[in-house]
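Working notes for the structure below.
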Amino acid sequence: MPGLGTSFGRGGATTFLQDLANADCILIEGSNMAEAHPVGFQWVMEAKRRGATVIHVDPRFTRTSAVSDLHVPIRAGSDIAFLGGLVNHVLSNDLDFREYVVAYTNAANIIDEDFRDTEDLDGLFSGFDPETGQYDPATWRYDPPDDAGAADRQEDAELEASEDSTRSGEAHKESHEAAESESHGSGGAPVSWKGRRDETLQDPRCVFQILKRHFARYTPEMVQEVCGIEPAQFRQVADALTRNSGRERTTAFCYAVGWTHHSVGAQMIRTSAILQLLLGNIGRPGGGILALRGHASIQGSTDIPTLFNILPGYLPMPNAAQHQTLDEWVADDEGKAGFWGNIRSYAVSLLKSYWGDAATADNDFCFDYLPRITGDHSTYTTVKAMIEGGCKGYFLVGENPAVGSANGKMQRLGMANLDWLVVRDLQMIESATFWKDGPEIETGELVTEEIATEVFFLPAASHVEKAGSFTQTQRMLQWRDKAVEPPGECRSELQFYYDLGNRIREKLAGSTDEMDRPLLDLAWDYPVDEHGDPDGQAVLREINGTGPDGVALSAYTELKQDGSTACGCWIYCGVYADEVNRARRRRPHWEQDWVAAEWGWVWPANRRQLYNRASAAPDGTPWSERKAYMSWDAEQQTWVGPDVPDFVPDRAPDFVPEEGAQGPDAIGGQDPFVMQTDGKAWLFAPLGLADGPMPTHYEPPESPVHNPLHAQQNNPSRRKLDHRTNPINPSWSEVFPYVFTTYRLTEHHTAGGMSRTLPYLTELQPEPFCEVSPRLAAERGLTHGEWVTIVTARTAIEARVLVTDRLRSLRLGDRFVEQVGIPYHWGRNGITQGDSANDLVNVTMDPNVYIQDKVGTCDIRPGRRPRGPALTAYVDDYRRRAGVDMEHPEDGGADR
Amino acid sequence: MPRGEASMVPEVEFESYYGRPILKEPTWKTPDVPLYLFLGGLAGASSLLAEGAALTGRPDLERVARLAAAGGAAAGTVALVHDLGRPERFLNMLRVLKPTSPLSVGSFILAPFSGLAGAAAASDLTGRLPRLGRLAGAGAAALGPPLATYTAALLANTAVPAWHEAHRELPFVFGGSGAQAAGGLAMMLVPLDQAAPARRMALAGAAVEIAAAESILLRRGLAAEPYRIGMPGRLMTMARNCTAVASAATALAGRRSRLVSVLAGATYVTASLATRFGIFEAGRASARDPKYVVVPQRERVRARQGASAKMTG
Amino acid sequence: MSSPLGMSLLSDLFSEGRLWGRLDDVQHDAGYGTSEEHPPRMGFFTDTSVCIGCKACEVACKEWNEVPDDGYLLTGMSYDNTQELGASTWRHVAFVEQPFETVAARPPQEPPVDVAPAVDLGMPSLGVPAGEDQATSSGESGVRWLMSSDVCKHCTHAACLDVCPTGALFRTEFGTVVVQPDVCNGCGYCVPACPYGVIDVRKGDGRAFKCTLCYDRLKEGQQPACAQACPTESIQFGELDELRERADRRLAELHDKGVDVARLYGRDPEDGVGGDGAFFLLLDEPEVYGLPPDPVVTTRDLGTIWKHVGAGAATLVGLGVVSFLGRRR
Ligand SMILES: Nc1nc2c(c(=O)[nH]1)N[C@H]1C(S)=C(S)[C@@H](COP(=O)(O)OP(=O)(O)OC[C@H]3O[C@@H](n4cnc5c(=O)[nH]c(N)nc54)[C@H](O)[C@@H]3O)O[C@H]1N2
Ligand SMILES: Nc1nc2c(c(=O)[nH]1)N[C@H]1C(S)=C(S)[C@@H](COP(=O)(O)OP(=O)(O)OC[C@H]3O[C@@H](n4cnc5c(=O)[nH]c(N)nc54)[C@H](O)[C@@H]3O)O[C@H]1N2
Ligand code: SF4
Ligand code: SF4
Ligand code: SF4
Ligand code: SF4
Ligand code: SF4
Ligand SMILES: [Mo]
């Protein structure tokens, strides 16, 4: 999550759920926390019990809104404007926590004189290349320090040169960029120097002043025009936040995919980071930004990634063009200030854990065995490649893209064009049966007999049928013992992959082909139980890492670059310290203090609150008695408090790093953001984001509204798929006049394979439905409880409609904007069946993380949709009337 | 619950949850249970008729009444057992005797009654063991009146507004209605010369029934409404009309014309049946519509709050 | 029946305390000995002001008790698709959507309980809190969404239990009311007897079912499944006396915060059922949630009922006698 990563240094939530209870105000925006995170929500309720104000900003009035003090209805996709309005409110009324801002953020940094803002270039930052649709961030950088040494300048020049070289090929550029953003799951982008600062914040080129100018037009009136939020309500939120921030009080933010699923998702999160930094709420009890993560181990799936562009611990995936050697691979970060400076130790230890004895200093620790990326291999790009014939085989393990991924038709058309498809799942999901009963079979777009894909369905053991760990929303690893044996042929993932590896290795045994070495040399040996299931704890221990003596390591600071240590994921180092599976600790919170350090294990180093050095003033004393957390104990010369300090434990507040210091030694005593190369939180991101150093409001790719801020309607660097299967509704189309957004219900789980198949959950929400306001219902003649058809340029689906006051008609200037809410859980299998909302959703992605947008425009009509081929004709007619250019299907006409 | 009906606006002003019932509608099936109410009344009152006939030497009347008592009890038992969710566990009814459960009490009435009435009828039919038969008949006659009226407690001892609110009147309705049915049946089947007690029983029963039922129907406000409108209303009206017609015919020509006697008797039986079905359906209707629960209870709360407000000044 | 002893036994049986009114030790009344000899009365305090409508309680109950599904029907009743308590739904979460106008427009009720929530509710909130312009951008008013998890009340005077002819329903040592499925013969009497419309006969099975207050779990010293699953402590399980105190404190706290609409339901041991073993904190009138505003156990009138049945029977005897008086033909 580069939104957080580039701001603070790590991409994870800055705080933990229990700490919400300490908040004086909680702003939940971009998440329906009560419905999607009900267990974590208990801490919001606890805060409320203690007197906190809870605010929910959401297009819909949800179960979260129902127990909040204030619900603010917002137009989907307009959050940057709202948050930007709050930033402006804080800055123009001098309501920022100045001491914090000056000491702990880069507010004082002076930015390159060639930097140009969106305010100067009508919606573009300097460095935009209209050819490629991408930015060159050269002009966003910090001004060199006055005393920048020649070496520094030289290095900077090299850095730029290397960036330029990667820009030569489009594909290289993409992969580089994607890798760069994701890698900040742990650690900010490496800047060349700490830069020149003006601690008075007066210099017109300092970040503070740039920010002030940038957001000056985000007035309450503008907020109303963009978001549909009344100035009076806006002021209520602004007051609540500012009243509950500062020395004595703190405000926490919670968000989830209501922010991340946008073509500007990372920047929405960035805006909240800026706001929280200005209010001084990061690293402090009851403060922070809680990124609520989805699936049980979704945090784990980025830490030990299932992503194409990073390796465990957010090490970048080597790039074929850029990283020929180990040295080149680690060069960007090595030796920089902060803990990323030790990247070589992490990288070498990872290689040692992969290839064991085969990895030696002489062979670059088998660096050459690592696969390289050559471009964008993200999921939607891969699907496009399937349709075009470039991708032949596909593993679907615990994923149901025929229902859960945007533009379901595209997913199914892709899978129908494979040679083979392996589906490992608990249920016979739609992604395994699309070839016989998918929507395209109904319309005739696909014919079962003509689909050549060989589909293998392998039943999987569920979470209760195997042991393992989850890493959840607050970066906590929790061990799960096996409760029952898996039934029948069901196998754990561990067993499947271990077996698969063994079989492949058997087949390759004796091969002399160099290409087979990486597989043959793998350290691939795990103890198994009587069923052949590998011991998960052995895997966790390998991830934790071991030292030269073969004993489990205790902390990543022990990792060595000489190959004497092995570690499968450096940020997890310590989970198995002293040979104890710390993820399995279950000491209840009533048997320890509220931080509950002995429940599970949290990366990094079992720290619950990140950047907690910032909970103390620069001099090391608590900001206030009420909000005390970590502080400097001068007597013991150490940081003390209920948590593990997120700091060099014995670094005094007055410590000033030596000239030329590297890695952790370069962290000053007042630099709480230890993963940043300058130790500061970034209000302005000189590097690391694909779409600008500061957030700015752009309209979603499909929008009924003109961007009132600039001529630039959409995020100029959004990722488009450019494919005929992914036509985009033109902006401002009268044929598609309504906004829709998609989301989940408490009663179901994501693509539904785990809930639509269960009677107890299905009966609670038995049919697909959508939600509309009474005004929209009147406008289109929709009757509560009856069928309606929702149409986009992709296709049309049907659902029942709930006409409800929980959906508001929003007034934007002189017009109303209506929003249709559509839960996305349904598909054609399961106890009850229905159309999938994702068949409506287009694929337009955030350029940083390649995540799709969850909003779009649509039409909605009473009655059921046409069946069979008539459906295609119906949608074609809509496309024609809306003027969708099927030659250039993604040219929404908003910006050429 | 059909879609769309959910948020219908009720005509009386009161609040509810989507217009949904607050109480559970009785799961007792029709015709089982109303039929049982009828048969119990018929059998109970018939046992009196039979005993009177035996004492006063009216063998035809005795025969018919004995058979009605025994048959009514047997058929009633069948209906009752058929209504059970687990008929094979009918005997569990006799596991305990609970005065708080009219159904329990009723089971302890119905079971011996059935046996005694059956024995009496068998003896009467076969002529065997006449002594014991008479004794059994006397026993049945002792249990007959409670059998005919306990069913009122069965209905009244529920939360169903139409039934519970009528708990003072229902025993009389049921007693009267039972007499009407027993008398009516005997009028149909017994020669005129032995049918005088049957006619009198029917006439007197009708009078009691009408008086009691009217006092239910004439109550103020919502309490009587379930008995007045809809299907139960039609049934109650029909019962009243039948009763009136049958009584007029009986009074005028019941003594003289066998045809009138038969027709009037049948009409009485019909009236009694209609009454039971009407009362049963009125109860169901009052459980189905939340207004019969909410409005009177809300009034009660208001009255209480008013009183306490006055008290506190 | 006519003996003085019998009468006094009966009048004792139908007296206040036995069948209605205040009864401080239900277990004692049910034959479990003195308060030292039986465990304390256990129950629920369901604080609907913190319910988030997650339905975890509904699901946990079904999982634990192996209750079958209750059908698949989109009702259009907000997010409530199980509709009511019944034989196959022992916890039921109600969802009440109230456009703000409705709430505000409701005629003010008599003091002291019914103050129309025209101002800030604290929780659950209106679109805009107190004192501010209530209108929203759409010119429409806000909405309030009440959620409440309903359950069997485990009444002090449980009509279902009293009327059960088989003894299938019984009072446990914890003071709760439980059906024994192996005894129930499906007579259905408990169904119309319950003043809350809780218990019902399951179609296809024929027997009556309802919440057992997880009798099996209680015996093992565990809390009920629904309470354990509830993430917000909306469902609080414990000793009834303690829960009543806790509820009083919570009510006071909410009243202090200006949430005047909060009220307790079923907490009063003097009420029509002698107080509920499972009681509630509500934010509106009970009927808004589908609860009866002033339930009374039917057995309060049982003495009267039996008296009238007796009189009815006597009348019938009279009718019989009268029939045989007078002319022979
Ligand atoms: N019961 C349940 N819990 C779940 C899941 C589930 O499927 N079921 N899924 C899990 C997963 S994988 C995830 S990722 C999380 C997601 O957790 P959430 O993000 O909380 O869930 P969503 O329902 O997708 O979206 C949250 C809210 O965003 C709002 N929203 C939509 N568009 C916008 C917008 O543009 N701006 C703002 N401010 N709000 C918007 C929607 O109205 C919705 O109320 O939940 C997890 N928890
Ligand atoms: N329109 C729209 N689309 C969305 C979203 C949205 O908000 N709006 N949200 C998005 C988000 S955040 C997410 S996370 C995705 C989720 O989308 P998917 O991941 O595609 O959907 P799931 O249903 O979660 O798929 C998980 C599958 O894994 C199976 N499974 C569970 N446990 C195991 C196991 O141990 N082993 C194996 N092999 N299989 C297992 C389950 O049966 C299930 O079928 O949906 C995304 N799609
Ligand atoms: S489903 Fe699991 S992860 Fe999600 S809220 Fe419930 S307990 Fe937590
Ligand atoms: S609420 Fe109904 S079912 Fe529950 S104990 Fe009381 S009377 Fe019985
Ligand atoms: S249905 Fe079962 S539990 Fe209910 S009263 Fe009859 S026997 Fe008792
Ligand atoms: S106490 Fe047990 S039986 Fe009753 S509702 Fe809760 S989980 Fe269900
Ligand atoms: S589990 Fe608790 S919060 Fe969730 S619906 Fe039930 S009572 Fe409400
Ligand atoms: Mo997710």
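Residues in the structure tokens are numbered from 1 in each chain, the chains being A, B, ... in the order shown, and ligands are numbered from 1 in the order shown.
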
May I have the residues within 10 Å of ligand 5, computed using only C-alpha atoms and all ligand atoms, as a PyMOL selection string?
-> (chain B and resi 27+84-86+89-90+92-93+101+103-104) or (chain C and resi 159-170+178-193+199-202+206-210)

Dump the neighbourhood of ligand 7 as a VMD selection string: all residues within 10 Å, distances computed on only C-alpha atoms and all ligand atoms.
-> (chain A and resid 34 to 35 38 to 39 41 to 42 746) or (chain C and resid 46 to 60 91 to 95 147 to 150 225 to 236)

Write out as a ChimeraX atom specification which residues come within 12 Å of His38 of chain C when counting only C-alpha atoms, dropping same-chain ones fewer than 6 positions away.
-> /C:25-32,172-175

Residues from the last selection, N, CA, C and O atoms, saved as a PDB file, in the first residue's frame:
```pdb
ATOM      1  N   ASP C  25     -37.743 -15.963  43.381  1.00  0.00           N
ATOM      2  CA  ASP C  25     -36.906 -17.148  43.221  1.00  0.00           C
ATOM      3  C   ASP C  25     -37.652 -18.189  42.389  1.00  0.00           C
ATOM      4  O   ASP C  25     -38.343 -19.058  42.923  1.00  0.00           O
ATOM      5  N   VAL C  26     -37.508 -18.078  41.091  1.00  0.00           N
ATOM      6  CA  VAL C  26     -38.263 -18.986  40.208  1.00  0.00           C
ATOM      7  C   VAL C  26     -37.825 -20.423  40.389  1.00  0.00           C
ATOM      8  O   VAL C  26     -38.628 -21.344  40.277  1.00  0.00           O
ATOM      9  N   GLN C  27     -36.545 -20.610  40.632  1.00  0.00           N
ATOM     10  CA  GLN C  27     -36.071 -21.985  40.757  1.00  0.00           C
ATOM     11  C   GLN C  27     -36.680 -22.643  41.997  1.00  0.00           C
ATOM     12  O   GLN C  27     -37.091 -23.798  41.954  1.00  0.00           O
ATOM     13  N   HIS C  28     -36.744 -21.882  43.065  1.00  0.00           N
ATOM     14  CA  HIS C  28     -37.369 -22.394  44.276  1.00  0.00           C
ATOM     15  C   HIS C  28     -38.806 -22.801  43.968  1.00  0.00           C
ATOM     16  O   HIS C  28     -39.262 -23.886  44.321  1.00  0.00           O
ATOM     17  N   ASP C  29     -39.503 -21.910  43.281  1.00  0.00           N
ATOM     18  CA  ASP C  29     -40.886 -22.164  42.922  1.00  0.00           C
ATOM     19  C   ASP C  29     -41.012 -23.429  42.081  1.00  0.00           C
ATOM     20  O   ASP C  29     -42.013 -24.145  42.156  1.00  0.00           O
ATOM     21  N   ALA C  30     -39.979 -23.702  41.300  1.00  0.00           N
ATOM     22  CA  ALA C  30     -40.023 -24.879  40.429  1.00  0.00           C
ATOM     23  C   ALA C  30     -39.496 -26.121  41.140  1.00  0.00           C
ATOM     24  O   ALA C  30     -39.333 -27.166  40.512  1.00  0.00           O
ATOM     25  N   GLY C  31     -39.184 -25.992  42.422  1.00  0.00           N
ATOM     26  CA  GLY C  31     -38.809 -27.174  43.175  1.00  0.00           C
ATOM     27  C   GLY C  31     -37.317 -27.442  43.247  1.00  0.00           C
ATOM     28  O   GLY C  31     -36.889 -28.558  43.483  1.00  0.00           O
ATOM     29  N   TYR C  32     -36.528 -26.386  43.017  1.00  0.00           N
ATOM     30  CA  TYR C  32     -35.077 -26.581  43.099  1.00  0.00           C
ATOM     31  C   TYR C  32     -34.512 -26.221  44.470  1.00  0.00           C
ATOM     32  O   TYR C  32     -33.306 -26.024  44.604  1.00  0.00           O
ATOM     33  N   THR C 172     -35.464 -24.796  34.238  1.00  0.00           N
ATOM     34  CA  THR C 172     -34.182 -25.391  34.622  1.00  0.00           C
ATOM     35  C   THR C 172     -33.704 -24.823  35.949  1.00  0.00           C
ATOM     36  O   THR C 172     -34.268 -23.847  36.459  1.00  0.00           O
ATOM     37  N   GLU C 173     -32.640 -25.412  36.427  1.00  0.00           N
ATOM     38  CA  GLU C 173     -32.064 -24.920  37.672  1.00  0.00           C
ATOM     39  C   GLU C 173     -31.507 -23.504  37.532  1.00  0.00           C
ATOM     40  O   GLU C 173     -31.234 -22.825  38.511  1.00  0.00           O
ATOM     41  N   PHE C 174     -31.308 -23.048  36.265  1.00  0.00           N
ATOM     42  CA  PHE C 174     -30.829 -21.682  36.054  1.00  0.00           C
ATOM     43  C   PHE C 174     -31.989 -20.706  35.911  1.00  0.00           C
ATOM     44  O   PHE C 174     -31.788 -19.535  35.589  1.00  0.00           O
ATOM     45  N   GLY C 175     -33.207 -21.225  36.078  1.00  0.00           N
ATOM     46  CA  GLY C 175     -34.374 -20.360  35.968  1.00  0.00           C
ATOM     47  C   GLY C 175     -34.806 -20.128  34.540  1.00  0.00           C
ATOM     48  O   GLY C 175     -35.649 -19.285  34.274  1.00  0.00           O
TER      49      GLY C 175
END
```

With distances taken over only C-alpha atoms, which of C:Asp268, C:Asp12, C:Glu84, C:Asp24 is nearest to chain B?
->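 Counting only C-alpha atoms, the residue closest to chain B is C:Glu84.
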
Which of these residues is nearest to chain B, using only C-alpha atoms: A:Leu124, A:Leu277, A:Ala796, A:Val801?
->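 Of A:Leu124, A:Leu277, A:Ala796, A:Val801, the one nearest chain B, counting only C-alpha atoms, is A:Val801.
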
Pick out the residues sitting within 7 Å of Cys567 of chain A, and hand them over as a PyMOL selection string; count only C-alpha atoms, and ignore anything fewer than 4 positions along from it in its own chain.
-> chain A and resi 349-350+353+542-546
